[in-house]
file entry.cif (mmCIF, C-alpha atoms)
data_start
#
loop_
_atom_site.label_atom_id
_atom_site.label_comp_id
_atom_site.auth_asym_id
_atom_site.auth_seq_id
_atom_site.Cartn_x
_atom_site.Cartn_y
_atom_site.Cartn_z
CA MET A 93 137.06 198.85 -2.41
CA ARG A 94 138.16 198.15 -5.97
CA ALA A 95 136.37 200.21 -8.60
CA TRP A 96 136.50 201.67 -12.09
CA TRP A 97 136.03 205.39 -12.64
CA ILE A 98 136.06 207.79 -15.57
CA GLU A 99 139.24 209.85 -15.63
CA ASN A 100 139.53 211.37 -19.13
CA PRO A 101 136.61 210.69 -21.51
CA ALA A 102 137.87 209.51 -24.90
CA PRO A 103 136.84 207.17 -27.73
CA LEU A 104 137.46 203.51 -26.98
CA THR A 105 137.96 202.52 -30.62
CA GLY A 106 139.38 204.09 -33.76
CA PRO A 107 142.49 206.14 -34.49
CA HIS A 108 141.93 208.45 -31.52
CA ALA A 109 141.18 205.71 -29.00
CA GLY A 110 142.19 206.44 -25.44
CA HIS A 111 141.86 204.96 -21.97
CA PRO A 112 139.02 206.84 -20.27
CA LEU A 113 138.58 204.38 -17.39
CA VAL A 114 140.89 203.88 -14.42
CA TYR A 115 140.88 200.80 -12.18
CA GLY A 116 142.03 201.13 -8.58
CA GLU A 117 141.08 201.71 -4.95
CA LYS A 118 138.35 204.04 -3.73
CA PRO A 119 137.05 204.58 -0.21
CA ASP A 120 134.18 202.31 0.77
CA PRO A 121 130.85 204.17 0.40
CA VAL A 122 128.81 204.86 3.53
CA PRO A 123 125.00 204.68 3.26
CA GLY A 124 123.24 207.90 4.17
CA PRO A 125 119.75 208.28 5.65
CA GLY A 126 117.30 205.96 3.89
CA GLU A 127 120.05 204.31 1.85
CA LEU A 128 121.22 200.72 1.42
CA LEU A 129 124.81 199.55 1.12
CA LEU A 130 125.12 196.78 -1.48
CA ARG A 131 127.86 194.29 -2.13
CA VAL A 132 127.70 194.25 -5.92
CA SER A 133 127.27 190.81 -7.46
CA VAL A 134 126.80 191.85 -11.08
CA CYS A 135 126.57 195.16 -12.92
CA GLY A 136 125.31 195.51 -16.46
CA VAL A 137 127.31 197.42 -19.06
CA CYS A 138 124.94 199.85 -20.75
CA ARG A 139 125.40 201.98 -23.84
CA THR A 140 124.91 205.01 -21.58
CA ASP A 141 128.09 203.96 -19.74
CA LEU A 142 129.81 203.96 -23.13
CA HIS A 143 128.52 207.46 -23.91
CA LEU A 144 129.87 208.66 -20.55
CA ALA A 145 133.26 207.05 -21.09
CA GLU A 146 133.60 208.46 -24.59
CA GLY A 147 132.39 211.95 -23.64
CA ASP A 148 129.11 212.01 -25.58
CA LEU A 149 127.55 212.60 -22.15
CA PRO A 150 129.88 214.74 -20.03
CA PRO A 151 130.36 213.21 -16.55
CA LYS A 152 128.62 215.24 -13.85
CA ARG A 153 131.77 215.15 -11.70
CA PRO A 154 135.37 213.98 -12.01
CA GLY A 155 136.12 210.39 -11.10
CA VAL A 156 132.53 209.15 -11.17
CA VAL A 157 132.06 205.37 -11.05
CA PRO A 158 129.77 204.32 -13.93
CA GLY A 159 127.28 201.46 -13.95
CA HIS A 160 123.54 201.61 -13.29
CA GLU A 161 122.30 198.05 -13.73
CA ILE A 162 123.33 196.84 -10.28
CA VAL A 163 122.39 193.57 -8.62
CA GLY A 164 123.69 193.04 -5.12
CA ARG A 165 123.02 191.96 -1.56
CA VAL A 166 122.20 194.37 1.23
CA ILE A 167 125.11 194.40 3.69
CA GLY A 168 124.34 197.66 5.50
CA LYS A 169 121.67 200.29 5.99
CA GLY A 170 121.68 203.98 6.73
CA PRO A 171 119.51 205.66 9.38
CA GLY A 172 115.79 205.16 8.74
CA ALA A 173 116.19 202.45 6.09
CA GLY A 174 113.73 199.66 6.85
CA ARG A 175 112.23 198.50 3.56
CA PHE A 176 114.81 195.72 3.01
CA ALA A 177 116.70 193.40 5.34
CA VAL A 178 120.41 192.64 5.39
CA GLY A 179 120.96 189.77 2.96
CA ASP A 180 118.13 190.72 0.58
CA ARG A 181 118.91 190.73 -3.14
CA VAL A 182 118.01 194.07 -4.69
CA GLY A 183 118.64 196.05 -7.84
CA ALA A 184 119.62 199.66 -8.41
CA ALA A 185 118.77 201.36 -11.69
CA TRP A 186 119.51 204.55 -13.66
CA LEU A 187 117.03 206.78 -11.81
CA ARG A 188 118.59 207.20 -8.36
CA SER A 189 116.38 209.88 -6.83
CA THR A 190 113.95 212.69 -7.61
CA CYS A 191 112.96 215.84 -5.77
CA GLY A 192 109.37 214.67 -5.18
CA THR A 193 108.07 218.24 -5.12
CA CYS A 194 108.34 219.69 -8.64
CA ARG A 195 105.29 219.85 -10.90
CA PHE A 196 106.34 216.70 -12.75
CA CYS A 197 106.90 214.61 -9.63
CA VAL A 198 103.61 215.77 -8.15
CA ARG A 199 101.66 214.69 -11.23
CA GLY A 200 103.37 211.29 -11.36
CA ASP A 201 105.92 211.99 -14.11
CA GLU A 202 109.03 211.62 -11.98
CA ASN A 203 111.10 210.71 -15.05
CA LEU A 204 110.76 214.41 -15.99
CA CYS A 205 111.83 215.66 -12.54
CA LEU A 206 113.58 219.02 -12.54
CA ALA A 207 116.21 217.90 -10.04
CA PRO A 208 116.86 214.17 -10.56
CA ARG A 209 120.00 212.24 -9.74
CA PHE A 210 121.24 209.30 -11.79
CA THR A 211 123.27 206.26 -10.79
CA GLY A 212 126.71 206.25 -12.38
CA TRP A 213 126.38 209.83 -13.61
CA ASP A 214 125.63 212.07 -10.62
CA ASP A 215 126.57 209.47 -8.01
CA ASP A 216 128.89 206.48 -8.08
CA GLY A 217 127.47 203.37 -9.68
CA GLY A 218 128.11 199.66 -9.87
CA PHE A 219 131.50 199.30 -11.59
CA ALA A 220 132.70 198.71 -8.04
CA GLU A 221 132.66 196.14 -5.27
CA LEU A 222 130.26 198.23 -3.18
CA ALA A 223 127.51 200.72 -4.00
CA THR A 224 124.75 202.63 -2.23
CA VAL A 225 121.16 203.17 -3.36
CA PRO A 226 118.23 205.02 -1.78
CA GLU A 227 115.92 202.22 -0.66
CA ALA A 228 112.92 204.04 -2.16
CA PHE A 229 114.52 203.59 -5.59
CA ALA A 230 115.70 199.99 -5.14
CA TYR A 231 113.91 197.02 -6.69
CA PRO A 232 113.42 193.51 -5.33
CA ILE A 233 114.67 191.05 -7.95
CA PRO A 234 112.26 188.29 -9.10
CA ALA A 235 113.57 184.88 -8.04
CA VAL A 236 113.21 183.46 -11.56
CA PHE A 237 116.27 185.44 -12.72
CA SER A 238 119.91 184.83 -11.85
CA ASP A 239 122.06 187.81 -10.91
CA GLU A 240 123.53 187.93 -14.42
CA GLU A 241 120.10 187.71 -16.07
CA ALA A 242 118.64 190.37 -13.76
CA ALA A 243 121.28 193.07 -14.33
CA PRO A 244 120.26 194.17 -17.86
CA LEU A 245 116.61 194.21 -16.84
CA LEU A 246 117.33 197.21 -14.60
CA CYS A 247 117.96 199.67 -17.42
CA ALA A 248 117.91 198.01 -20.83
CA GLY A 249 114.73 196.20 -19.86
CA ILE A 250 112.98 199.06 -18.08
CA ILE A 251 113.78 201.63 -20.77
CA GLY A 252 112.78 199.21 -23.52
CA TYR A 253 109.49 198.68 -21.72
CA ARG A 254 108.85 202.42 -21.44
CA ALA A 255 109.80 202.89 -25.10
CA LEU A 256 107.29 200.19 -26.04
CA ARG A 257 104.58 202.07 -24.16
CA ARG A 258 105.64 205.40 -25.70
CA ALA A 259 105.40 203.80 -29.15
CA ALA A 260 101.61 203.51 -28.61
CA LEU A 261 101.34 200.16 -30.36
CA ARG A 262 97.79 199.08 -31.14
CA PRO A 263 96.63 195.53 -30.24
CA ALA A 264 98.21 192.85 -32.43
CA GLY A 265 100.23 195.58 -34.10
CA LYS A 266 103.32 195.59 -36.28
CA LEU A 267 106.35 196.91 -34.39
CA GLY A 268 109.60 197.95 -36.05
CA ILE A 269 112.81 197.82 -34.02
CA TYR A 270 115.90 199.66 -35.26
CA GLY A 271 119.07 198.38 -33.61
CA PHE A 272 119.02 195.11 -31.70
CA GLY A 273 121.18 195.29 -28.62
CA ALA A 274 120.52 194.81 -24.91
CA SER A 275 117.35 196.89 -24.66
CA ALA A 276 115.88 195.92 -28.01
CA HIS A 277 116.16 192.16 -27.54
CA LEU A 278 114.21 192.45 -24.27
CA ALA A 279 111.55 194.82 -25.62
CA ALA A 280 111.05 192.45 -28.57
CA GLN A 281 110.24 189.61 -26.19
CA VAL A 282 107.69 191.73 -24.32
CA ALA A 283 106.08 192.75 -27.62
CA ARG A 284 105.92 189.14 -28.81
CA ALA A 285 104.39 188.02 -25.50
CA GLU A 286 101.71 190.70 -25.92
CA GLY A 287 100.78 189.38 -29.37
CA HIS A 288 102.56 191.85 -31.64
CA GLU A 289 104.59 191.14 -34.78
CA VAL A 290 108.19 192.30 -34.60
CA TYR A 291 110.24 193.59 -37.56
CA VAL A 292 113.95 194.11 -36.84
CA MET A 293 116.37 196.33 -38.76
CA THR A 294 120.00 196.17 -37.58
CA ARG A 295 123.50 196.14 -39.06
CA SER A 296 124.97 193.28 -37.01
CA GLU A 297 124.66 189.78 -38.45
CA GLU A 298 124.86 188.26 -34.96
CA ALA A 299 122.06 190.55 -33.81
CA ARG A 300 119.99 189.56 -36.84
CA ARG A 301 120.50 185.91 -35.91
CA LEU A 302 119.29 186.59 -32.36
CA ALA A 303 116.26 188.49 -33.68
CA ARG A 304 115.27 185.48 -35.78
CA GLU A 305 115.67 183.17 -32.78
CA LEU A 306 113.38 185.43 -30.76
CA GLY A 307 110.61 185.24 -33.36
CA ALA A 308 110.94 188.36 -35.50
CA VAL A 309 108.81 188.00 -38.65
CA PHE A 310 111.28 190.12 -40.67
CA VAL A 311 114.97 190.82 -40.15
CA GLY A 312 116.92 193.19 -42.36
CA GLY A 313 119.71 195.74 -42.51
CA ALA A 314 119.69 198.91 -40.44
CA ALA A 315 118.12 201.12 -43.13
CA ASP A 316 116.13 198.45 -44.98
CA ALA A 317 112.43 199.05 -45.58
CA PRO A 318 110.21 196.45 -43.88
CA PRO A 319 107.87 194.50 -46.19
CA GLU A 320 104.77 196.00 -44.57
CA ALA A 321 103.86 199.40 -43.13
CA LEU A 322 104.49 199.53 -39.38
CA ASP A 323 102.02 200.60 -36.73
CA SER A 324 104.84 201.71 -34.42
CA ALA A 325 108.60 201.67 -34.25
CA ILE A 326 111.35 202.09 -31.67
CA LEU A 327 114.80 203.43 -32.50
CA PHE A 328 117.33 201.86 -30.14
CA ALA A 329 120.42 202.58 -32.22
CA PRO A 330 121.92 206.00 -31.30
CA ALA A 331 121.90 206.96 -34.99
CA GLY A 332 119.86 210.02 -35.89
CA SER A 333 120.38 209.15 -39.56
CA LEU A 334 117.85 206.33 -39.13
CA VAL A 335 115.01 208.61 -37.99
CA PRO A 336 113.77 209.49 -41.51
CA ALA A 337 113.86 205.84 -42.60
CA ALA A 338 111.95 204.75 -39.49
CA LEU A 339 109.32 207.46 -39.93
CA ARG A 340 108.80 206.56 -43.58
CA ALA A 341 108.28 202.91 -42.60
CA LEU A 342 105.28 203.88 -40.46
CA ASP A 343 101.71 203.53 -41.58
CA ARG A 344 99.36 206.49 -41.24
CA GLY A 345 98.98 207.45 -37.59
CA GLY A 346 102.09 205.50 -36.60
CA THR A 347 104.47 206.48 -33.79
CA LEU A 348 108.27 206.35 -33.61
CA ALA A 349 109.79 206.33 -30.10
CA VAL A 350 113.50 207.15 -29.72
CA ALA A 351 114.84 205.13 -26.79
CA GLY A 352 118.16 206.67 -25.91
CA ILE A 353 119.69 209.43 -23.81
CA TYR A 354 122.05 210.23 -26.69
CA LEU A 355 121.33 210.45 -30.42
CA SER A 356 123.58 211.64 -33.21
CA PRO A 357 122.19 214.53 -35.31
CA ILE A 358 118.96 213.90 -37.20
CA PRO A 359 119.04 214.86 -40.90
CA SER A 360 116.47 217.31 -42.19
CA LEU A 361 112.99 215.82 -42.25
CA ASP A 362 110.60 216.19 -45.14
CA TYR A 363 107.22 217.05 -43.66
CA ALA A 364 105.15 215.42 -46.40
CA ALA A 365 107.19 212.23 -46.60
CA ASP A 366 108.17 211.80 -42.94
CA LEU A 367 105.52 213.32 -40.65
CA PHE A 368 102.33 214.01 -42.56
CA GLN A 369 99.31 211.72 -42.11
CA GLU A 370 99.64 212.06 -38.33
CA ARG A 371 102.89 210.19 -37.88
CA GLN A 372 104.44 211.02 -34.51
CA LEU A 373 108.03 211.26 -33.25
CA ARG A 374 108.53 210.83 -29.50
CA SER A 375 111.51 210.73 -27.16
CA VAL A 376 111.93 208.55 -24.09
CA THR A 377 113.28 210.27 -20.99
CA ALA A 378 114.44 207.96 -18.19
CA ASN A 379 111.71 205.99 -16.43
CA THR A 380 109.44 206.08 -13.42
CA ARG A 381 109.59 203.58 -10.58
CA ARG A 382 106.17 202.37 -11.69
CA ASP A 383 107.69 201.49 -15.09
CA GLY A 384 110.33 199.43 -13.29
CA GLN A 385 107.83 197.63 -11.07
CA GLU A 386 105.47 196.85 -13.96
CA PHE A 387 108.28 195.65 -16.18
CA LEU A 388 109.90 193.34 -13.62
CA TYR A 389 106.51 191.80 -12.86
CA ALA A 390 105.84 191.25 -16.57
CA ALA A 391 109.39 189.99 -17.21
CA ALA A 392 109.06 187.33 -14.51
CA GLY A 393 105.68 186.24 -15.82
CA ILE A 394 106.75 185.76 -19.44
CA PRO A 395 109.58 184.98 -18.42
CA LEU A 396 112.10 186.91 -20.49
CA ARG A 397 115.30 185.24 -21.73
CA PRO A 398 118.07 187.82 -21.44
CA THR A 399 121.05 187.04 -23.66
CA VAL A 400 124.01 187.86 -21.43
CA ILE A 401 127.74 188.09 -22.15
CA PRO A 402 129.65 187.97 -18.82
CA TYR A 403 132.99 189.71 -18.32
CA PRO A 404 135.30 189.52 -15.30
CA PHE A 405 135.05 192.67 -13.21
CA PHE A 406 138.61 193.75 -14.01
CA GLN A 407 137.78 193.78 -17.76
CA ALA A 408 135.23 196.60 -17.73
CA ASP A 409 137.30 198.56 -20.24
CA ARG A 410 137.27 195.59 -22.61
CA ALA A 411 133.50 195.20 -22.21
CA LEU A 412 132.96 198.85 -23.14
CA ALA A 413 135.36 198.59 -26.09
CA ASP A 414 133.50 195.51 -27.34
CA LEU A 415 130.21 197.38 -27.00
CA ALA A 416 131.64 200.33 -28.94
CA ALA A 417 132.79 197.98 -31.72
CA ASP A 418 129.44 196.14 -31.91
CA ARG A 419 131.01 192.91 -30.66
CA VAL A 420 128.31 192.39 -28.00
CA THR A 421 125.14 190.54 -28.96
CA GLY A 422 122.61 190.93 -26.18
CA ALA A 423 123.81 192.47 -22.91
CA ALA A 424 127.29 192.66 -21.40
CA VAL A 425 127.60 192.29 -17.62
CA LEU A 426 130.47 192.53 -15.12
CA ARG A 427 130.75 189.83 -12.45
CA ARG A 428 131.96 190.61 -8.94
CA PRO A 429 135.69 189.91 -8.75
CA ALA A 430 137.01 186.75 -7.23
CA VAL A 431 140.33 186.94 -5.38
CA SER A 432 142.20 185.72 -8.47
CA GLU A 433 140.62 188.44 -10.60
CA THR A 434 141.55 191.16 -8.13
CA ASN A 435 145.14 189.90 -8.08
CA ALA A 436 145.24 189.73 -11.89
CA ALA A 437 144.25 193.38 -12.13
CA GLY A 438 147.07 194.42 -9.81
#

call {"tool": "encode", "arguments": {"input": "entry.cif", "output": "structure tokens"}}
result
Amino acid sequence: MRAWWIENPAPLTGPHAGHPLVYGEKPDPVPGPGELLLRVSVCGVCRTDLHLAEGDLPPKRPGVVPGHEIVGRVIGKGPGAGRFAVGDRVGAAWLRSTCGTCRFCVRGDENLCLAPRFTGWDDDGGFAELATVPEAFAYPIPAVFSDEEAAPLLCAGIIGYRALRRAALRPAGKLGIYGFGASAHLAAQVARAEGHEVYVMTRSEEARRLARELGAVFVGGAADAPPEALDSAILFAPAGSLVPAALRALDRGGTLAVAGIYLSPIPSLDYAADLFQERQLRSVTANTRRDGQEFLYAAAGIPLRPTVIPYPFFQADRALADLAADRVTGAAVLRRPAVSETNAAG
């Protein structure tokens, strides 16, 4: 199969830009017990993939295929796999498997599992023509979404949904969103559908335009102070420098959820100005399958309008470079290669 893999992590932009991804042939994967073999239709391009490519998150093994927002059709099944039929459209997400036996799994917090595996980090992901997924961690895709629309729901959407819950927003509350990329623009739509007011702070003018289109009551720069105190906030931008500003924008008792696996260093916090009066700072660590199921059900019912920028499969490196340079408004996705695209890539 044709695939992309991470060879030598390096920045994709700037004076020290390199070429961390390699495009070529890899052996076709074989589904193990309880696994599905998918022919990938579309794979989302997530900021976590960017962090892996650039070395902010060290790859778990050499030559790993990134991509964890996979939409595909079942074309094969390993021994014991019976949940889906050949031909079914399913999605594979970031959380690939958990141990099921540690204290966190037993109590229902599988996102905190002590021995998890992640798609595109521990095991090969969807920047490839074929991929495998344990059927217990695969999701049926709601029919209301096309393949391209569904892909970003499988990480950006699910994590944004969990971040919204971690932000502990009160009914009809005021929610601040810092950064307005793939995950944020989906979480904003869920918040709006639930009756909340959304205040967006982001540096990209195109992202600010999208925020206005999606009904934000205030749109400003990344570090701007919103016009009213916020009940809750979510930091989607991987910029620790924004944590103090987001905390200071909260009303008494407000909660800031940080929705990212990577965050640059946080400056020193001033207890009185940033945390006193029962403000809270929370992280978001992966997701549970229940989060994914609840979110996809809610997304189909709203329904969400993912803003998607499609790239040909052989341009995954360009998609990541555009993401690094803030040239993507919404969510980037890779489409399965046609014959002409495969030939163009050599």

call {"tool": "atom_distance", "arguments": {"input": "entry.cif", "atom1": "atom CA of A:Ala235", "atom2": "atom CA of A:Ser133"}}
result
14.9 Å

call {"tool": "residues_around", "arguments": {"input": "entry.cif", "residues": "stretch 399-408 of chain A", "least_positions_apart": "6", "cutoff": "10 Å", "atoms": "all atoms listed in the file", "output": "JSON, numbers by chain"}}
result
{"A": [94, 95, 96, 113, 114, 115, 116, 133, 134, 135, 136, 137, 219, 220, 221, 240, 241, 242, 243, 244, 273, 274, 277, 278, 302, 414, 420, 421, 422, 423, 424, 425, 426, 427, 428, 429, 430, 433, 434, 435, 436, 437, 438]}

call {"tool": "closest_residue", "arguments": {"input": "entry.cif", "among": "A:Arg153, A:Arg139, A:Arg300, A:Arg371", "to": "A:Trp97", "atoms": "only C-alpha atoms"}}
result
A:Arg153

call {"tool": "resolve_selection", "arguments": {"input": "entry.cif", "expression": "the PyMOL selection byres ((chain A and resi 158) around 9)", "output": "list in words"}}
result
Trp96, Trp97, Ile98, Val137, Asp141, Leu144, Ala145, Val156, Val157, Gly159, His160, Thr211, Gly212, Trp213, Asp215, Asp216, Gly217, Gly218, Phe219 and Ala220 of chain A

call {"tool": "resolve_selection", "arguments": {"input": "entry.cif", "expression": "the PyMOL selection byres ((chain A and resi 325) around 10)", "output": "PDB file with C-alpha atoms, keeping the file's coordinate frame"}}
result
ATOM      1  CA  ALA A 255     109.800 202.890 -25.100  1.00  0.00           C
ATOM      2  CA  LEU A 256     107.290 200.190 -26.040  1.00  0.00           C
ATOM      3  CA  ARG A 258     105.640 205.400 -25.700  1.00  0.00           C
ATOM      4  CA  ALA A 259     105.400 203.800 -29.150  1.00  0.00           C
ATOM      5  CA  ALA A 260     101.610 203.510 -28.610  1.00  0.00           C
ATOM      6  CA  LEU A 261     101.340 200.160 -30.360  1.00  0.00           C
ATOM      7  CA  LYS A 266     103.320 195.590 -36.280  1.00  0.00           C
ATOM      8  CA  LEU A 267     106.350 196.910 -34.390  1.00  0.00           C
ATOM      9  CA  GLY A 268     109.600 197.950 -36.050  1.00  0.00           C
ATOM     10  CA  ILE A 269     112.810 197.820 -34.020  1.00  0.00           C
ATOM     11  CA  TYR A 270     115.900 199.660 -35.260  1.00  0.00           C
ATOM     12  CA  VAL A 290     108.190 192.300 -34.600  1.00  0.00           C
ATOM     13  CA  TYR A 291     110.240 193.590 -37.560  1.00  0.00           C
ATOM     14  CA  VAL A 292     113.950 194.110 -36.840  1.00  0.00           C
ATOM     15  CA  LEU A 322     104.490 199.530 -39.380  1.00  0.00           C
ATOM     16  CA  ASP A 323     102.020 200.600 -36.730  1.00  0.00           C
ATOM     17  CA  SER A 324     104.840 201.710 -34.420  1.00  0.00           C
ATOM     18  CA  ILE A 326     111.350 202.090 -31.670  1.00  0.00           C
ATOM     19  CA  LEU A 327     114.800 203.430 -32.500  1.00  0.00           C
ATOM     20  CA  PHE A 328     117.330 201.860 -30.140  1.00  0.00           C
ATOM     21  CA  ALA A 338     111.950 204.750 -39.490  1.00  0.00           C
ATOM     22  CA  LEU A 339     109.320 207.460 -39.930  1.00  0.00           C
ATOM     23  CA  ALA A 341     108.280 202.910 -42.600  1.00  0.00           C
ATOM     24  CA  LEU A 342     105.280 203.880 -40.460  1.00  0.00           C
ATOM     25  CA  GLY A 346     102.090 205.500 -36.600  1.00  0.00           C
ATOM     26  CA  THR A 347     104.470 206.480 -33.790  1.00  0.00           C
ATOM     27  CA  LEU A 348     108.270 206.350 -33.610  1.00  0.00           C
ATOM     28  CA  ALA A 349     109.790 206.330 -30.100  1.00  0.00           C
ATOM     29  CA  VAL A 350     113.500 207.150 -29.720  1.00  0.00           C
ATOM     30  CA  LEU A 373     108.030 211.260 -33.250  1.00  0.00           C
TER      31      LEU A 373
END

call {"tool": "resolve_selection", "arguments": {"input": "entry.cif", "expression": "the PyMOL selection byres ((chain A and resi 307) around 9)", "output": "JSON, numbers by chain"}}
result
{"A": [280, 281, 284, 289, 290, 302, 303, 304, 305, 306, 308, 309, 310]}

call {"tool": "decode", "arguments": {"input": "entry.cif", "residues": "stretch 364-372 of chain A", "atoms": "all heavy atoms", "output": "JSON list (two decimals), in the first residue's frame"}}
result
[["chain", "number", "residue", "atom", "x", "y", "z"],
["A", 364, "ALA", "N", -3.55, 35.43, 43.15],
["A", 364, "ALA", "CA", -4.67, 36.34, 43.42],
["A", 364, "ALA", "C", -5.39, 36.74, 42.14],
["A", 364, "ALA", "O", -6.62, 36.79, 42.07],
["A", 364, "ALA", "CB", -4.17, 37.57, 44.17],
["A", 365, "ALA", "N", -4.62, 37.03, 41.09],
["A", 365, "ALA", "CA", -5.23, 37.52, 39.86],
["A", 365, "ALA", "C", -5.78, 36.41, 38.97],
["A", 365, "ALA", "O", -6.77, 36.61, 38.26],
["A", 365, "ALA", "CB", -4.21, 38.34, 39.07],
["A", 366, "ASP", "N", -5.14, 35.22, 39.02],
["A", 366, "ASP", "CA", -5.45, 34.18, 38.05],
["A", 366, "ASP", "C", -6.31, 33.03, 38.59],
["A", 366, "ASP", "O", -7.09, 32.45, 37.84],
["A", 366, "ASP", "CB", -4.16, 33.58, 37.49],
["A", 366, "ASP", "CG", -3.28, 34.63, 36.83],
["A", 366, "ASP", "OD1", -3.82, 35.64, 36.35],
["A", 366, "ASP", "OD2", -2.05, 34.43, 36.79],
["A", 367, "LEU", "N", -6.15, 32.68, 39.86],
["A", 367, "LEU", "CA", -6.82, 31.48, 40.37],
["A", 367, "LEU", "C", -7.73, 31.72, 41.56],
["A", 367, "LEU", "O", -8.63, 30.89, 41.82],
["A", 367, "LEU", "CB", -5.77, 30.42, 40.77],
["A", 367, "LEU", "CG", -5.07, 29.72, 39.61],
["A", 367, "LEU", "CD1", -3.92, 28.85, 40.13],
["A", 367, "LEU", "CD2", -6.05, 28.86, 38.82],
["A", 368, "PHE", "N", -7.53, 32.78, 42.27],
["A", 368, "PHE", "CA", -8.36, 33.01, 43.46],
["A", 368, "PHE", "C", -9.83, 33.18, 43.05],
["A", 368, "PHE", "O", -10.14, 33.36, 41.89],
["A", 368, "PHE", "CB", -7.85, 34.24, 44.22],
["A", 368, "PHE", "CG", -8.46, 34.40, 45.59],
["A", 368, "PHE", "CD1", -8.41, 33.38, 46.52],
["A", 368, "PHE", "CD2", -9.09, 35.59, 45.93],
["A", 368, "PHE", "CE1", -8.98, 33.54, 47.78],
["A", 368, "PHE", "CE2", -9.67, 35.75, 47.18],
["A", 368, "PHE", "CZ", -9.62, 34.72, 48.11],
["A", 369, "GLN", "N", -10.71, 33.12, 44.02],
["A", 369, "GLN", "CA", -12.16, 33.17, 43.81],
["A", 369, "GLN", "C", -12.66, 31.93, 43.06],
["A", 369, "GLN", "O", -13.57, 31.97, 42.25],
["A", 369, "GLN", "CB", -12.57, 34.46, 43.08],
["A", 369, "GLN", "CG", -12.27, 35.71, 43.92],
["A", 369, "GLN", "CD", -12.46, 36.99, 43.17],
["A", 369, "GLN", "OE1", -12.37, 37.02, 41.94],
["A", 369, "GLN", "NE2", -12.71, 38.07, 43.89],
["A", 370, "GLU", "N", -11.98, 30.81, 43.38],
["A", 370, "GLU", "CA", -12.38, 29.47, 42.94],
["A", 370, "GLU", "C", -12.42, 29.30, 41.42],
["A", 370, "GLU", "O", -13.21, 28.53, 40.89],
["A", 370, "GLU", "CB", -13.71, 29.06, 43.58],
["A", 370, "GLU", "CG", -13.61, 29.02, 45.10],
["A", 370, "GLU", "CD", -14.74, 28.26, 45.77],
["A", 370, "GLU", "OE1", -15.70, 27.84, 45.10],
["A", 370, "GLU", "OE2", -14.63, 28.07, 47.00],
["A", 371, "ARG", "N", -11.51, 30.00, 40.73],
["A", 371, "ARG", "CA", -11.30, 29.67, 39.33],
["A", 371, "ARG", "C", -10.55, 28.33, 39.26],
["A", 371, "ARG", "O", -9.75, 28.01, 40.13],
["A", 371, "ARG", "CB", -10.50, 30.77, 38.63],
["A", 371, "ARG", "CG", -11.22, 32.11, 38.57],
["A", 371, "ARG", "CD", -10.37, 33.14, 37.85],
["A", 371, "ARG", "NE", -11.03, 34.44, 37.79],
["A", 371, "ARG", "CZ", -10.91, 35.39, 38.70],
["A", 371, "ARG", "NH1", -10.14, 35.19, 39.77],
["A", 371, "ARG", "NH2", -11.55, 36.53, 38.56],
["A", 372, "GLN", "N", -10.83, 27.57, 38.21],
["A", 372, "GLN", "CA", -10.22, 26.26, 38.07],
["A", 372, "GLN", "C", -9.49, 26.13, 36.73],
["A", 372, "GLN", "O", -9.93, 26.70, 35.72],
["A", 372, "GLN", "CB", -11.28, 25.16, 38.12],
["A", 372, "GLN", "CG", -12.08, 25.11, 39.41],
["A", 372, "GLN", "CD", -13.07, 23.96, 39.39],
["A", 372, "GLN", "OE1", -12.70, 22.79, 39.50],
["A", 372, "GLN", "NE2", -14.34, 24.28, 39.22]]
